[in-house]
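Colleague: This is the content of data_17.pdb (PDB, C-alpha atoms and all ligand atoms):
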MODEL        1
ATOM      1  CA  MET A1454      -7.243 -30.277   3.236
ATOM      2  CA  VAL A1455      -8.708 -28.210   0.379
ATOM      3  CA  GLY A1456     -11.671 -30.277  -0.939
ATOM      4  CA  PRO A1457     -15.108 -30.671   0.724
ATOM      5  CA  GLN A1458     -14.952 -31.713   4.390
ATOM      6  CA  PRO A1459     -16.875 -34.602   5.975
ATOM      7  CA  SER A1460     -20.155 -33.324   7.437
ATOM      8  CA  GLY A1461     -19.836 -31.374  10.653
ATOM      9  CA  VAL A1462     -16.245 -30.275   9.958
ATOM     10  CA  PRO A1463     -15.875 -26.630   8.881
ATOM     11  CA  GLY A1464     -14.024 -25.865   5.671
ATOM     12  CA  THR A1465     -11.018 -23.579   5.379
ATOM     13  CA  LEU A1466     -10.871 -20.026   4.096
ATOM     14  CA  HIS A1467      -7.747 -19.815   1.926
ATOM     15  CA  VAL A1468      -6.414 -16.282   1.437
ATOM     16  CA  VAL A1469      -4.615 -16.535  -1.882
ATOM     17  CA  ALA A1470      -2.139 -14.028  -3.317
ATOM     18  CA  THR A1471      -2.340 -13.520  -7.087
ATOM     19  CA  PRO A1472       0.207 -11.940  -9.478
ATOM     20  CA  ILE A1473       0.796  -8.165  -9.608
ATOM     21  CA  GLY A1474       1.754  -8.310 -13.287
ATOM     22  CA  ASN A1475       3.546 -11.482 -14.286
ATOM     23  CA  LEU A1476       1.155 -14.445 -14.437
ATOM     24  CA  GLY A1477       4.088 -16.770 -13.791
ATOM     25  CA  ASP A1478       3.945 -15.564 -10.185
ATOM     26  CA  LEU A1479       0.785 -17.547  -9.425
ATOM     27  CA  SER A1480       2.334 -20.432  -7.500
ATOM     28  CA  PRO A1481       1.500 -24.082  -8.221
ATOM     29  CA  ARG A1482      -0.042 -24.352  -4.738
ATOM     30  CA  ALA A1483      -2.203 -21.271  -5.384
ATOM     31  CA  GLN A1484      -3.439 -22.881  -8.610
ATOM     32  CA  GLU A1485      -4.166 -26.132  -6.793
ATOM     33  CA  VAL A1486      -6.135 -24.386  -4.050
ATOM     34  CA  LEU A1487      -8.098 -22.206  -6.497
ATOM     35  CA  ARG A1488      -9.012 -25.305  -8.499
ATOM     36  CA  ALA A1489     -10.111 -27.327  -5.477
ATOM     37  CA  VAL A1490     -12.236 -24.901  -3.444
ATOM     38  CA  SER A1491     -16.045 -24.686  -3.794
ATOM     39  CA  ALA A1492     -15.953 -21.000  -4.693
ATOM     40  CA  ILE A1493     -13.581 -18.060  -4.933
ATOM     41  CA  CYS A1494     -14.529 -14.726  -3.388
ATOM     42  CA  ALA A1495     -13.073 -12.096  -5.717
ATOM     43  CA  GLU A1496     -12.977  -8.315  -5.670
ATOM     44  CA  ASP A1497     -13.695  -8.088  -9.413
ATOM     45  CA  THR A1498     -15.075 -11.333 -10.821
ATOM     46  CA  ARG A1499     -14.397 -10.295 -14.423
ATOM     47  CA  ARG A1500     -10.729  -9.634 -13.726
ATOM     48  CA  SER A1501     -10.221 -12.750 -11.612
ATOM     49  CA  GLY A1502     -12.176 -14.714 -14.242
ATOM     50  CA  GLN A1503      -9.521 -13.791 -16.807
ATOM     51  CA  LEU A1504      -6.736 -14.945 -14.500
ATOM     52  CA  LEU A1505      -8.503 -18.244 -13.785
ATOM     53  CA  ALA A1506      -9.250 -18.817 -17.481
ATOM     54  CA  HIS A1507      -5.540 -18.453 -18.227
ATOM     55  CA  PHE A1508      -4.860 -21.380 -15.891
ATOM     56  CA  GLY A1509      -7.884 -23.407 -17.032
ATOM     57  CA  ILE A1510      -9.559 -23.069 -13.622
ATOM     58  CA  ASP A1511     -13.370 -22.967 -13.738
ATOM     59  CA  THR A1512     -14.216 -22.618 -10.029
ATOM     60  CA  ALA A1513     -17.316 -20.477  -9.344
ATOM     61  CA  LEU A1514     -16.676 -16.819  -8.448
ATOM     62  CA  VAL A1515     -18.496 -14.734  -5.843
ATOM     63  CA  ALA A1516     -18.167 -10.929  -5.971
ATOM     64  CA  LEU A1517     -16.799  -9.640  -2.673
ATOM     65  CA  HIS A1518     -15.777  -6.015  -2.584
ATOM     66  CA  GLU A1519     -15.646  -3.237  -0.012
ATOM     67  CA  HIS A1520     -19.306  -2.307  -0.643
ATOM     68  CA  ASN A1521     -20.827  -5.747   0.025
ATOM     69  CA  GLU A1522     -18.206  -7.292   2.300
ATOM     70  CA  ASP A1523     -20.091  -6.630   5.544
ATOM     71  CA  ALA A1524     -23.353  -7.918   4.110
ATOM     72  CA  LEU A1525     -21.777 -11.050   2.631
ATOM     73  CA  ALA A1526     -19.499 -12.025   5.523
ATOM     74  CA  ALA A1527     -22.218 -13.960   7.400
ATOM     75  CA  ARG A1528     -23.194 -15.934   4.281
ATOM     76  CA  ILE A1529     -19.578 -16.845   3.583
ATOM     77  CA  VAL A1530     -19.051 -17.978   7.169
ATOM     78  CA  GLN A1531     -22.223 -20.116   6.912
ATOM     79  CA  ARG A1532     -20.811 -21.868   3.856
ATOM     80  CA  LEU A1533     -17.497 -22.444   5.635
ATOM     81  CA  LEU A1534     -19.234 -23.807   8.732
ATOM     82  CA  ALA A1535     -21.266 -26.120   6.488
ATOM     83  CA  GLY A1536     -18.008 -27.708   5.367
ATOM     84  CA  GLU A1537     -17.200 -25.871   2.127
ATOM     85  CA  SER A1538     -13.667 -24.582   1.627
ATOM     86  CA  LEU A1539     -13.458 -21.195  -0.060
ATOM     87  CA  ALA A1540     -10.725 -18.941  -1.389
ATOM     88  CA  LEU A1541     -10.391 -15.191  -1.134
ATOM     89  CA  VAL A1542      -8.488 -13.239  -3.803
ATOM     90  CA  SER A1543      -8.175  -9.573  -4.690
ATOM     91  CA  ASP A1544      -7.546  -8.000  -8.102
ATOM     92  CA  ALA A1545      -3.798  -8.332  -7.715
ATOM     93  CA  GLY A1546      -1.299  -9.211  -5.017
ATOM     94  CA  THR A1547      -2.079 -10.130  -1.455
ATOM     95  CA  PRO A1548      -5.697  -9.707  -0.311
ATOM     96  CA  LEU A1549      -6.237  -7.343   2.659
ATOM     97  CA  VAL A1550      -3.098  -5.300   1.795
ATOM     98  CA  SER A1551      -4.788  -2.058   0.664
ATOM     99  CA  ASP A1552      -7.534  -4.403  -0.548
ATOM    100  CA  PRO A1553     -10.834  -5.749   0.809
ATOM    101  CA  GLY A1554     -11.105  -8.887   2.914
ATOM    102  CA  TYR A1555     -10.349  -8.187   6.541
ATOM    103  CA  ARG A1556     -14.006  -8.222   7.583
ATOM    104  CA  VAL A1557     -14.546 -11.677   6.103
ATOM    105  CA  VAL A1558     -11.319 -12.966   7.634
ATOM    106  CA  ARG A1559     -12.306 -11.517  11.003
ATOM    107  CA  ALA A1560     -15.792 -13.087  10.789
ATOM    108  CA  ALA A1561     -14.348 -16.474   9.800
ATOM    109  CA  ARG A1562     -11.837 -16.403  12.638
ATOM    110  CA  ALA A1563     -14.516 -15.343  15.119
ATOM    111  CA  ALA A1564     -16.586 -18.362  14.025
ATOM    112  CA  GLY A1565     -13.632 -20.662  14.700
ATOM    113  CA  VAL A1566     -13.017 -21.363  10.998
ATOM    114  CA  LYS A1567      -9.452 -22.051   9.901
ATOM    115  CA  VAL A1568      -8.042 -19.210   7.784
ATOM    116  CA  SER A1569      -4.908 -20.199   5.876
ATOM    117  CA  PRO A1570      -2.676 -18.022   3.676
ATOM    118  CA  VAL A1571      -1.307 -18.982   0.284
ATOM    119  CA  PRO A1572       1.423 -16.319   0.150
ATOM    120  CA  GLY A1573       2.704 -14.755  -3.034
ATOM    121  CA  ALA A1574       3.139 -11.388  -4.712
ATOM    122  CA  CYS A1575       2.756  -8.172  -2.757
ATOM    123  CA  ALA A1576       3.825  -4.912  -4.403
ATOM    124  CA  ALA A1577       5.004  -3.329  -1.131
ATOM    125  CA  ILE A1578       7.283  -6.240  -0.252
ATOM    126  CA  ALA A1579       8.515  -6.627  -3.833
ATOM    127  CA  ALA A1580       9.493  -2.927  -3.905
ATOM    128  CA  LEU A1581      11.153  -3.113  -0.501
ATOM    129  CA  SER A1582      13.139  -6.148  -1.644
ATOM    130  CA  VAL A1583      14.815  -4.169  -4.455
ATOM    131  CA  ALA A1584      14.999  -0.718  -2.819
ATOM    132  CA  GLY A1585      18.262  -1.156  -0.976
ATOM    133  CA  LEU A1586      16.939   0.872   1.955
ATOM    134  CA  ALA A1587      16.951  -0.395   5.544
ATOM    135  CA  SER A1588      14.304  -3.105   5.710
ATOM    136  CA  ASP A1589      14.758  -4.575   9.170
ATOM    137  CA  ARG A1590      12.019  -2.198  10.350
ATOM    138  CA  PHE A1591       9.558  -0.451   8.053
ATOM    139  CA  VAL A1592       6.069   1.060   8.059
ATOM    140  CA  PHE A1593       3.493   0.440   5.371
ATOM    141  CA  GLU A1594       1.390   3.560   4.863
ATOM    142  CA  GLY A1595      -0.706   2.388   1.880
ATOM    143  CA  PHE A1596      -2.167   5.253  -0.143
ATOM    144  CA  LEU A1597      -1.701   8.838   1.004
ATOM    145  CA  PRO A1598      -4.884  10.955   1.161
ATOM    146  CA  ALA A1599      -5.998  12.070  -2.313
ATOM    147  CA  LYS A1600      -6.500  15.739  -1.411
ATOM    148  CA  ALA A1601      -3.452  17.960  -1.029
ATOM    149  CA  ALA A1602      -4.303  19.314   2.437
ATOM    150  CA  GLY A1603      -4.929  15.859   3.905
ATOM    151  CA  ARG A1604      -1.831  14.480   2.227
ATOM    152  CA  ARG A1605       0.432  17.179   3.641
ATOM    153  CA  GLU A1606      -1.047  16.778   7.085
ATOM    154  CA  ARG A1607      -0.381  13.022   6.980
ATOM    155  CA  LEU A1608       3.173  13.637   5.778
ATOM    156  CA  GLN A1609       3.789  16.116   8.569
ATOM    157  CA  GLN A1610       2.761  13.416  11.045
ATOM    158  CA  LEU A1611       5.273  11.073   9.390
ATOM    159  CA  ALA A1612       8.172  13.510   8.892
ATOM    160  CA  GLY A1613      10.054  12.337  12.006
ATOM    161  CA  GLU A1614       9.426   8.601  11.410
ATOM    162  CA  THR A1615      12.802   6.866  11.551
ATOM    163  CA  ARG A1616      11.707   3.554   9.980
ATOM    164  CA  THR A1617      11.681   3.105   6.192
ATOM    165  CA  LEU A1618       8.287   4.179   4.812
ATOM    166  CA  VAL A1619       6.392   2.366   2.052
ATOM    167  CA  PHE A1620       3.577   4.082   0.112
ATOM    168  CA  TYR A1621       1.309   3.003  -2.733
ATOM    169  CA  GLU A1622       0.546   5.632  -5.355
ATOM    170  CA  SER A1623      -1.402   5.926  -8.591
ATOM    171  CA  SER A1624      -0.290   7.533 -11.844
ATOM    172  CA  HIS A1625      -2.746  10.421 -11.268
ATOM    173  CA  ARG A1626      -1.033  11.648  -8.138
ATOM    174  CA  ILE A1627       2.555  10.466  -8.309
ATOM    175  CA  VAL A1628       3.981  13.900  -9.200
ATOM    176  CA  GLU A1629       1.967  15.742  -6.535
ATOM    177  CA  SER A1630       2.832  13.188  -3.867
ATOM    178  CA  LEU A1631       6.540  13.284  -4.690
ATOM    179  CA  GLY A1632       6.395  17.102  -4.555
ATOM    180  CA  ASP A1633       4.738  17.063  -1.141
ATOM    181  CA  LEU A1634       7.177  14.451   0.140
ATOM    182  CA  ARG A1635      10.103  16.588  -1.028
ATOM    183  CA  ASP A1636       8.653  19.674   0.670
ATOM    184  CA  VAL A1637       7.718  18.032   3.954
ATOM    185  CA  PHE A1638      10.523  15.452   4.378
ATOM    186  CA  GLY A1639      13.223  17.662   2.814
ATOM    187  CA  SER A1640      14.753  17.626  -0.706
ATOM    188  CA  GLU A1641      17.670  15.373   0.145
ATOM    189  CA  ARG A1642      15.830  12.442   1.735
ATOM    190  CA  PRO A1643      16.759   9.277  -0.255
ATOM    191  CA  ALA A1644      13.894   7.308  -1.829
ATOM    192  CA  VAL A1645      13.189   4.585  -4.378
ATOM    193  CA  LEU A1646      10.319   4.598  -6.842
ATOM    194  CA  ALA A1647       9.324   1.143  -8.123
ATOM    195  CA  ARG A1648       7.018   1.242 -11.157
ATOM    196  CA  GLU A1649       5.209  -1.568 -12.956
ATOM    197  CA  ILE A1650       6.892  -4.288 -10.902
ATOM    198  CA  THR A1651       7.115  -7.625 -12.798
ATOM    199  CA  LYS A1652       5.622  -6.005 -15.928
ATOM    200  CA  LEU A1653       7.141  -5.077 -19.285
ATOM    201  CA  PHE A1654       8.074  -1.528 -18.257
ATOM    202  CA  GLU A1655       9.330  -2.321 -14.767
ATOM    203  CA  THR A1656      11.517   0.575 -13.604
ATOM    204  CA  VAL A1657      13.207   1.156 -10.269
ATOM    205  CA  LEU A1658      14.510   4.701  -9.822
ATOM    206  CA  ASP A1659      16.480   5.899  -6.835
ATOM    207  CA  GLY A1660      17.701   9.275  -5.707
ATOM    208  CA  SER A1661      16.782  12.149  -3.441
ATOM    209  CA  LEU A1662      13.099  13.108  -3.256
ATOM    210  CA  ALA A1663      13.919  16.295  -5.185
ATOM    211  CA  ARG A1664      15.619  14.321  -8.000
ATOM    212  CA  LEU A1665      12.876  11.726  -8.189
ATOM    213  CA  HIS A1666      10.222  14.446  -8.348
ATOM    214  CA  ALA A1667      12.092  16.307 -11.102
ATOM    215  CA  ARG A1668      12.643  13.088 -13.085
ATOM    216  CA  VAL A1669       9.011  11.972 -12.950
ATOM    217  CA  GLU A1670       7.698  15.470 -13.623
ATOM    218  CA  ALA A1671       9.931  15.798 -16.708
ATOM    219  CA  ASP A1672       9.221  12.382 -18.240
ATOM    220  CA  ALA A1673       5.608  11.421 -19.037
ATOM    221  CA  ASP A1674       6.638   7.756 -19.430
ATOM    222  CA  GLN A1675       7.729   7.688 -15.789
ATOM    223  CA  ARG A1676       4.219   8.717 -14.739
ATOM    224  CA  LYS A1677       2.520   5.697 -16.322
ATOM    225  CA  GLY A1678       1.418   2.586 -14.489
ATOM    226  CA  GLU A1679       1.426   1.562 -10.845
ATOM    227  CA  PHE A1680       3.882   2.737  -8.221
ATOM    228  CA  VAL A1681       5.375   1.866  -4.871
ATOM    229  CA  LEU A1682       7.420   4.558  -3.218
ATOM    230  CA  VAL A1683       9.934   3.533  -0.576
ATOM    231  CA  VAL A1684      11.370   6.415   1.458
ATOM    232  CA  GLN A1685      14.301   6.290   3.853
ATOM    233  CA  GLY A1686      13.287   7.025   7.431
ATOM    234  CA  ALA A1687      14.309  10.282   9.119
ATOM    235  CA  ASP A1688      17.669  10.061  10.821
ATOM    236  CA  GLU A1689      17.557  10.375  14.599
ATOM    237  CA  ASP A1690      18.949  13.939  14.386
ATOM    238  CA  ALA A1691      16.272  14.984  11.908
ATOM    239  CA  ASP A1692      13.631  13.492  14.163
ATOM    240  CA  ALA A1693      15.009  15.538  17.082
ATOM    241  CA  ARG A1694      15.205  18.692  14.902
ATOM    242  CA  ILE A1695      11.552  18.322  13.906
ATOM    243  CA  GLY A1696      10.588  17.858  17.562
ATOM    244  CA  ASP A1697      12.531  21.006  18.517
ATOM    245  CA  GLY A1698      11.109  22.833  15.499
ATOM    246  CA  ARG A1699       7.549  22.055  16.553
ATOM    247  CA  ARG A1700       8.153  23.294  20.087
ATOM    248  CA  VAL A1701       9.759  26.544  18.849
ATOM    249  CA  TYR A1702       6.991  26.973  16.265
ATOM    250  CA  ALA A1703       4.303  26.570  18.963
ATOM    251  CA  LEU A1704       5.979  29.268  21.085
ATOM    252  CA  LEU A1705       6.489  31.722  18.204
ATOM    253  CA  ASN A1706       3.053  31.067  16.759
ATOM    254  CA  ALA A1707       1.489  32.632  19.866
ATOM    255  CA  HIS A1708       3.038  35.986  18.866
ATOM    256  CA  LEU A1709       3.652  35.876  15.103
ATOM    257  CA  PRO A1710       1.744  34.928  11.924
ATOM    258  CA  PRO A1711       2.024  31.136  11.356
ATOM    259  CA  SER A1712       4.152  31.403   8.194
ATOM    260  CA  THR A1713       6.673  33.723   9.923
ATOM    261  CA  ALA A1714       6.706  31.516  13.027
ATOM    262  CA  ALA A1715       7.380  28.440  10.858
ATOM    263  CA  LYS A1716      10.136  30.188   8.892
ATOM    264  CA  LEU A1717      11.907  31.306  12.076
ATOM    265  CA  ALA A1718      11.428  27.957  13.815
ATOM    266  CA  ALA A1719      12.893  26.196  10.764
ATOM    267  CA  GLU A1720      15.890  28.555  10.713
ATOM    268  CA  ILE A1721      16.513  28.183  14.443
ATOM    269  CA  THR A1722      16.246  24.379  14.549
ATOM    270  CA  GLY A1723      17.137  23.225  11.014
ATOM    271  CA  ALA A1724      13.815  21.352  10.635
ATOM    272  CA  PRO A1725      12.146  21.508   7.161
ATOM    273  CA  ARG A1726       9.683  24.424   7.317
ATOM    274  CA  LYS A1727       6.885  22.361   5.767
ATOM    275  CA  ALA A1728       7.240  19.724   8.444
ATOM    276  CA  LEU A1729       6.166  22.430  10.903
ATOM    277  CA  TYR A1730       3.483  24.313   9.033
ATOM    278  CA  GLY A1731       1.355  23.195   6.091
ATOM    279  CA  SER A1732       1.010  25.886   3.465
TER
HETATM  280  N1  LIG B1801      -2.974  -6.058  -2.586
HETATM  281  C1  LIG B1801      -2.016  -5.482  -3.477
HETATM  282  C2  LIG B1801      -0.607  -5.920  -3.088
HETATM  283  O1  LIG B1801      -0.462  -6.941  -2.425
HETATM  284  O2  LIG B1801       0.348  -5.263  -3.452
HETATM  285  C3  LIG B1801      -2.151  -3.970  -3.551
HETATM  286  C4  LIG B1801      -3.481  -3.499  -3.993
HETATM  287  S1  LIG B1801      -3.613  -1.753  -4.091
HETATM  288  C5  LIG B1801      -5.327  -1.564  -4.407
HETATM  289  C6  LIG B1801      -2.948  -1.371  -5.673
HETATM  290  C7  LIG B1801      -1.658  -0.569  -5.569
HETATM  291  O3  LIG B1801      -0.561  -1.442  -5.342
HETATM  292  C8  LIG B1801      -1.304   0.186  -6.839
HETATM  293  O4  LIG B1801      -1.965   1.442  -6.909
HETATM  294  C9  LIG B1801       0.190   0.361  -6.676
HETATM  295  O5  LIG B1801       0.482   1.401  -5.788
HETATM  296  C10 LIG B1801       0.573  -0.971  -6.032
HETATM  297  N2  LIG B1801       0.897  -1.956  -7.078
HETATM  298  C11 LIG B1801       0.183  -3.022  -7.452
HETATM  299  N3  LIG B1801       0.806  -3.676  -8.448
HETATM  300  C12 LIG B1801       1.939  -3.005  -8.704
HETATM  301  C13 LIG B1801       3.021  -3.169  -9.624
HETATM  302  N4  LIG B1801       3.033  -4.187 -10.489
HETATM  303  N5  LIG B1801       4.020  -2.277  -9.606
HETATM  304  C14 LIG B1801       4.030  -1.266  -8.724
HETATM  305  N6  LIG B1801       3.036  -1.051  -7.847
HETATM  306  C15 LIG B1801       2.013  -1.900  -7.830
ENDMDL
END
Starting from the file, lay out its structure as structure tokens.
Ligand code: SAM
Modeller:
Amino acid sequence: MVGPQPSGVPGTLHVVATPIGNLGDLSPRAQEVLRAVSAICAEDTRRSGQLLAHFGIDTALVALHEHNEDALAARIVQRLLAGESLALVSDAGTPLVSDPGYRVVRAARAAGVKVSPVPGACAAIAALSVAGLASDRFVFEGFLPAKAAGRRERLQQLAGETRTLVFYESSHRIVESLGDLRDVFGSERPAVLAREITKLFETVLDGSLARLHARVEADADQRKGEFVLVVQGADEDADARIGDGRRVYALLNAHLPPSTAAKLAAEITGAPRKALYGS
């Protein structure tokens, strides 16, 4: 039930996915729910207002973003407990996936309120669905750290991961991130770069990390828009090589400068040097 509840019965919090580019991806059920609820909690009310206006939906909007989510959660739960049904949306795609919302969902669930999804677009899943990389097991890593040192450290932690990896990236950092991925995971690791999914300039590029980096670096058009990067997991041998490399590096590092220890450990074990040592 979406409309107001009889007194004493809590409402439902509907977590509604919205399009990531193509407005045709807002499902009929999503439209129905957004029209029927008492209010819609939205990350950016101006942006969601434009989406709603397109569908002729005039439901009230409440701003709910990462800076006020904690403060607002109790008030939202009160409204739900009083019998109002509410919706939660983010700027694009599925709320809570690299987007605000989990605190409100947690608070609603803790209060015994029904939380119900209205599934739809999600950039990570859309990219995975066209990547042609193993998708029976995968890890979603969201955004890599913005600063180079933090990014490389995170990638070193992930270098031996054997499941397919999914990253979000912005146009500002796509070249740097691809460069670091190439250095830490190795030039030949296969990957797929999905850009502007469902939009006019949708592009899905595949190739080794080295080729993808070179392509995006050379072509300014390929650096525009929004990106999901899907990277093949390390093969079991590579995972073992990195493990061996780290053990050899730790031993050599006690007697040699770190860069020399990493170079030798990489030569001895076949692990990518940058997976062992950052600079
Ligand atoms: N909640 C959203 C979802 O379900 O995909 C993700 C929100 S996150 C703040 C925004 C990031 O998602 C972008 O920086 C980009 O990495 C990715 N993204 C969103 N829309 C996209 C699109 N149309 N094409 C490619 N990537 C997209």
Colleague: Tell me which of A:Leu1476, A:Leu1586, A:Val1557, A:Ala1687 sits closest to ligand LIG 1801 (chain B), counting all atoms listed in the file.
Modeller: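 That would be A:Leu1476, the residue with the smallest distance to ligand LIG 1801 (chain B).
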Colleague: Which protein, DNA or RNA residues have an atom within 9 Å of ligand LIG 1801 (chain B), counting all atoms listed in the file, as a PDB file with C-alpha atoms, in the frame of the given file?
Modeller:
ATOM      1  CA  ALA A1470      -2.139 -14.028  -3.317  1.00  0.00           C
ATOM      2  CA  THR A1471      -2.340 -13.520  -7.087  1.00  0.00           C
ATOM      3  CA  PRO A1472       0.207 -11.940  -9.478  1.00  0.00           C
ATOM      4  CA  ILE A1473       0.796  -8.165  -9.608  1.00  0.00           C
ATOM      5  CA  GLY A1474       1.754  -8.310 -13.287  1.00  0.00           C
ATOM      6  CA  ASN A1475       3.546 -11.482 -14.286  1.00  0.00           C
ATOM      7  CA  SER A1543      -8.175  -9.573  -4.690  1.00  0.00           C
ATOM      8  CA  ASP A1544      -7.546  -8.000  -8.102  1.00  0.00           C
ATOM      9  CA  ALA A1545      -3.798  -8.332  -7.715  1.00  0.00           C
ATOM     10  CA  GLY A1546      -1.299  -9.211  -5.017  1.00  0.00           C
ATOM     11  CA  THR A1547      -2.079 -10.130  -1.455  1.00  0.00           C
ATOM     12  CA  PRO A1548      -5.697  -9.707  -0.311  1.00  0.00           C
ATOM     13  CA  LEU A1549      -6.237  -7.343   2.659  1.00  0.00           C
ATOM     14  CA  VAL A1550      -3.098  -5.300   1.795  1.00  0.00           C
ATOM     15  CA  SER A1551      -4.788  -2.058   0.664  1.00  0.00           C
ATOM     16  CA  ASP A1552      -7.534  -4.403  -0.548  1.00  0.00           C
ATOM     17  CA  PRO A1553     -10.834  -5.749   0.809  1.00  0.00           C
ATOM     18  CA  GLY A1573       2.704 -14.755  -3.034  1.00  0.00           C
ATOM     19  CA  ALA A1574       3.139 -11.388  -4.712  1.00  0.00           C
ATOM     20  CA  CYS A1575       2.756  -8.172  -2.757  1.00  0.00           C
ATOM     21  CA  ALA A1576       3.825  -4.912  -4.403  1.00  0.00           C
ATOM     22  CA  ALA A1577       5.004  -3.329  -1.131  1.00  0.00           C
ATOM     23  CA  ILE A1578       7.283  -6.240  -0.252  1.00  0.00           C
ATOM     24  CA  ALA A1579       8.515  -6.627  -3.833  1.00  0.00           C
ATOM     25  CA  ALA A1580       9.493  -2.927  -3.905  1.00  0.00           C
ATOM     26  CA  GLY A1595      -0.706   2.388   1.880  1.00  0.00           C
ATOM     27  CA  PHE A1596      -2.167   5.253  -0.143  1.00  0.00           C
ATOM     28  CA  PHE A1620       3.577   4.082   0.112  1.00  0.00           C
ATOM     29  CA  TYR A1621       1.309   3.003  -2.733  1.00  0.00           C
ATOM     30  CA  GLU A1622       0.546   5.632  -5.355  1.00  0.00           C
ATOM     31  CA  SER A1623      -1.402   5.926  -8.591  1.00  0.00           C
ATOM     32  CA  SER A1624      -0.290   7.533 -11.844  1.00  0.00           C
ATOM     33  CA  LEU A1646      10.319   4.598  -6.842  1.00  0.00           C
ATOM     34  CA  ALA A1647       9.324   1.143  -8.123  1.00  0.00           C
ATOM     35  CA  ARG A1648       7.018   1.242 -11.157  1.00  0.00           C
ATOM     36  CA  GLU A1649       5.209  -1.568 -12.956  1.00  0.00           C
ATOM     37  CA  ILE A1650       6.892  -4.288 -10.902  1.00  0.00           C
ATOM     38  CA  THR A1651       7.115  -7.625 -12.798  1.00  0.00           C
ATOM     39  CA  LYS A1652       5.622  -6.005 -15.928  1.00  0.00           C
ATOM     40  CA  GLU A1655       9.330  -2.321 -14.767  1.00  0.00           C
ATOM     41  CA  THR A1656      11.517   0.575 -13.604  1.00  0.00           C
ATOM     42  CA  GLY A1678       1.418   2.586 -14.489  1.00  0.00           C
ATOM     43  CA  GLU A1679       1.426   1.562 -10.845  1.00  0.00           C
ATOM     44  CA  PHE A1680       3.882   2.737  -8.221  1.00  0.00           C
ATOM     45  CA  VAL A1681       5.375   1.866  -4.871  1.00  0.00           C
ATOM     46  CA  LEU A1682       7.420   4.558  -3.218  1.00  0.00           C
TER      47      LEU A1682
END
Colleague: Report as a Markdown table the residues of segment 1561-1642 of chain A within 12 Å of segment 1694-1708 of chain A, each with its shortest atom pair and distance in Å (one decimal), using only C-alpha atoms, ordered by chain and increasing residue number.
Modeller:
| residue | atom | partner | partner_atom | distance |
| --- | --- | --- | --- | --- |
| A:Gln1609 | CA | A:Ile1695 | CA | 9.7 |
| A:Gln1610 | CA | A:Ile1695 | CA | 10.5 |
| A:Leu1611 | CA | A:Ile1695 | CA | 10.6 |
| A:Ala1612 | CA | A:Ile1695 | CA | 7.7 |
| A:Gly1613 | CA | A:Ile1695 | CA | 6.5 |
| A:Glu1614 | CA | A:Ile1695 | CA | 10.3 |
| A:Thr1615 | CA | A:Ile1695 | CA | 11.8 |
| A:Val1637 | CA | A:Ile1695 | CA | 10.7 |
| A:Phe1638 | CA | A:Ile1695 | CA | 10.0 |
| A:Gly1639 | CA | A:Ile1695 | CA | 11.2 |
Colleague: Around the point (-3.4, -20.4, 2.7) in the file's coordinates, collect all residues with an atom within 9 Å, using all atoms listed in the file, and return them as a VMD selection string.
Modeller: chain A and resid 1465 to 1470 1483 1486 1540 1568 to 1572
Colleague: Under the rule that all atoms listed in the file are counted, which of A:Leu1533, A:Ile1493, A:Ala1724, A:Val1683 is the nearest residue to Ser1588 of chain A?
Modeller: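 With all atoms listed in the file as the atom set, the closest residue is A:Val1683.
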Colleague: Taking the file as shown, what set of residues would the PyMOL selection byres (((chain A and resi 1661) around 7) and not hetatm) give back, as a short mmCIF file (atom, residue, chain, number, x, y, z; two decimals) with C-alpha atoms, in the frame of the given file?
Modeller:
data_model
loop_
_atom_site.label_atom_id
_atom_site.label_comp_id
_atom_site.auth_asym_id
_atom_site.auth_seq_id
_atom_site.Cartn_x
_atom_site.Cartn_y
_atom_site.Cartn_z
CA SER A 1640 14.75 17.63 -0.71
CA GLU A 1641 17.67 15.37 0.14
CA ARG A 1642 15.83 12.44 1.74
CA PRO A 1643 16.76 9.28 -0.26
CA ALA A 1644 13.89 7.31 -1.83
CA GLY A 1660 17.70 9.28 -5.71
CA LEU A 1662 13.10 13.11 -3.26
CA ALA A 1663 13.92 16.30 -5.18
CA ARG A 1664 15.62 14.32 -8.00
CA LEU A 1665 12.88 11.73 -8.19
#
Colleague: Near Lys1727 of chain A, within 10 Å and counting only C-alpha atoms, which residues show up once chain neighbours fewer than 2 positions away are dropped, as JSON, numbers by chain?
Modeller: {"A": [1605, 1606, 1608, 1609, 1612, 1633, 1634, 1635, 1636, 1637, 1638, 1639, 1712, 1715, 1716, 1719, 1724, 1725, 1729, 1730, 1731, 1732]}
Colleague: Output the selection as a short mmCIF file (atom, residue, chain, number, x, y, z; two decimals), in the coordinates of the input - C-alpha atoms for each residue.
Modeller:
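File written: out_22.cif
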data_model
loop_
_atom_site.label_atom_id
_atom_site.label_comp_id
_atom_site.auth_asym_id
_atom_site.auth_seq_id
_atom_site.Cartn_x
_atom_site.Cartn_y
_atom_site.Cartn_z
CA ARG A 1605 0.43 17.18 3.64
CA GLU A 1606 -1.05 16.78 7.08
CA LEU A 1608 3.17 13.64 5.78
CA GLN A 1609 3.79 16.12 8.57
CA ALA A 1612 8.17 13.51 8.89
CA ASP A 1633 4.74 17.06 -1.14
CA LEU A 1634 7.18 14.45 0.14
CA ARG A 1635 10.10 16.59 -1.03
CA ASP A 1636 8.65 19.67 0.67
CA VAL A 1637 7.72 18.03 3.95
CA PHE A 1638 10.52 15.45 4.38
CA GLY A 1639 13.22 17.66 2.81
CA SER A 1712 4.15 31.40 8.19
CA ALA A 1715 7.38 28.44 10.86
CA LYS A 1716 10.14 30.19 8.89
CA ALA A 1719 12.89 26.20 10.76
CA ALA A 1724 13.82 21.35 10.64
CA PRO A 1725 12.15 21.51 7.16
CA LEU A 1729 6.17 22.43 10.90
CA TYR A 1730 3.48 24.31 9.03
CA GLY A 1731 1.36 23.20 6.09
CA SER A 1732 1.01 25.89 3.46
#
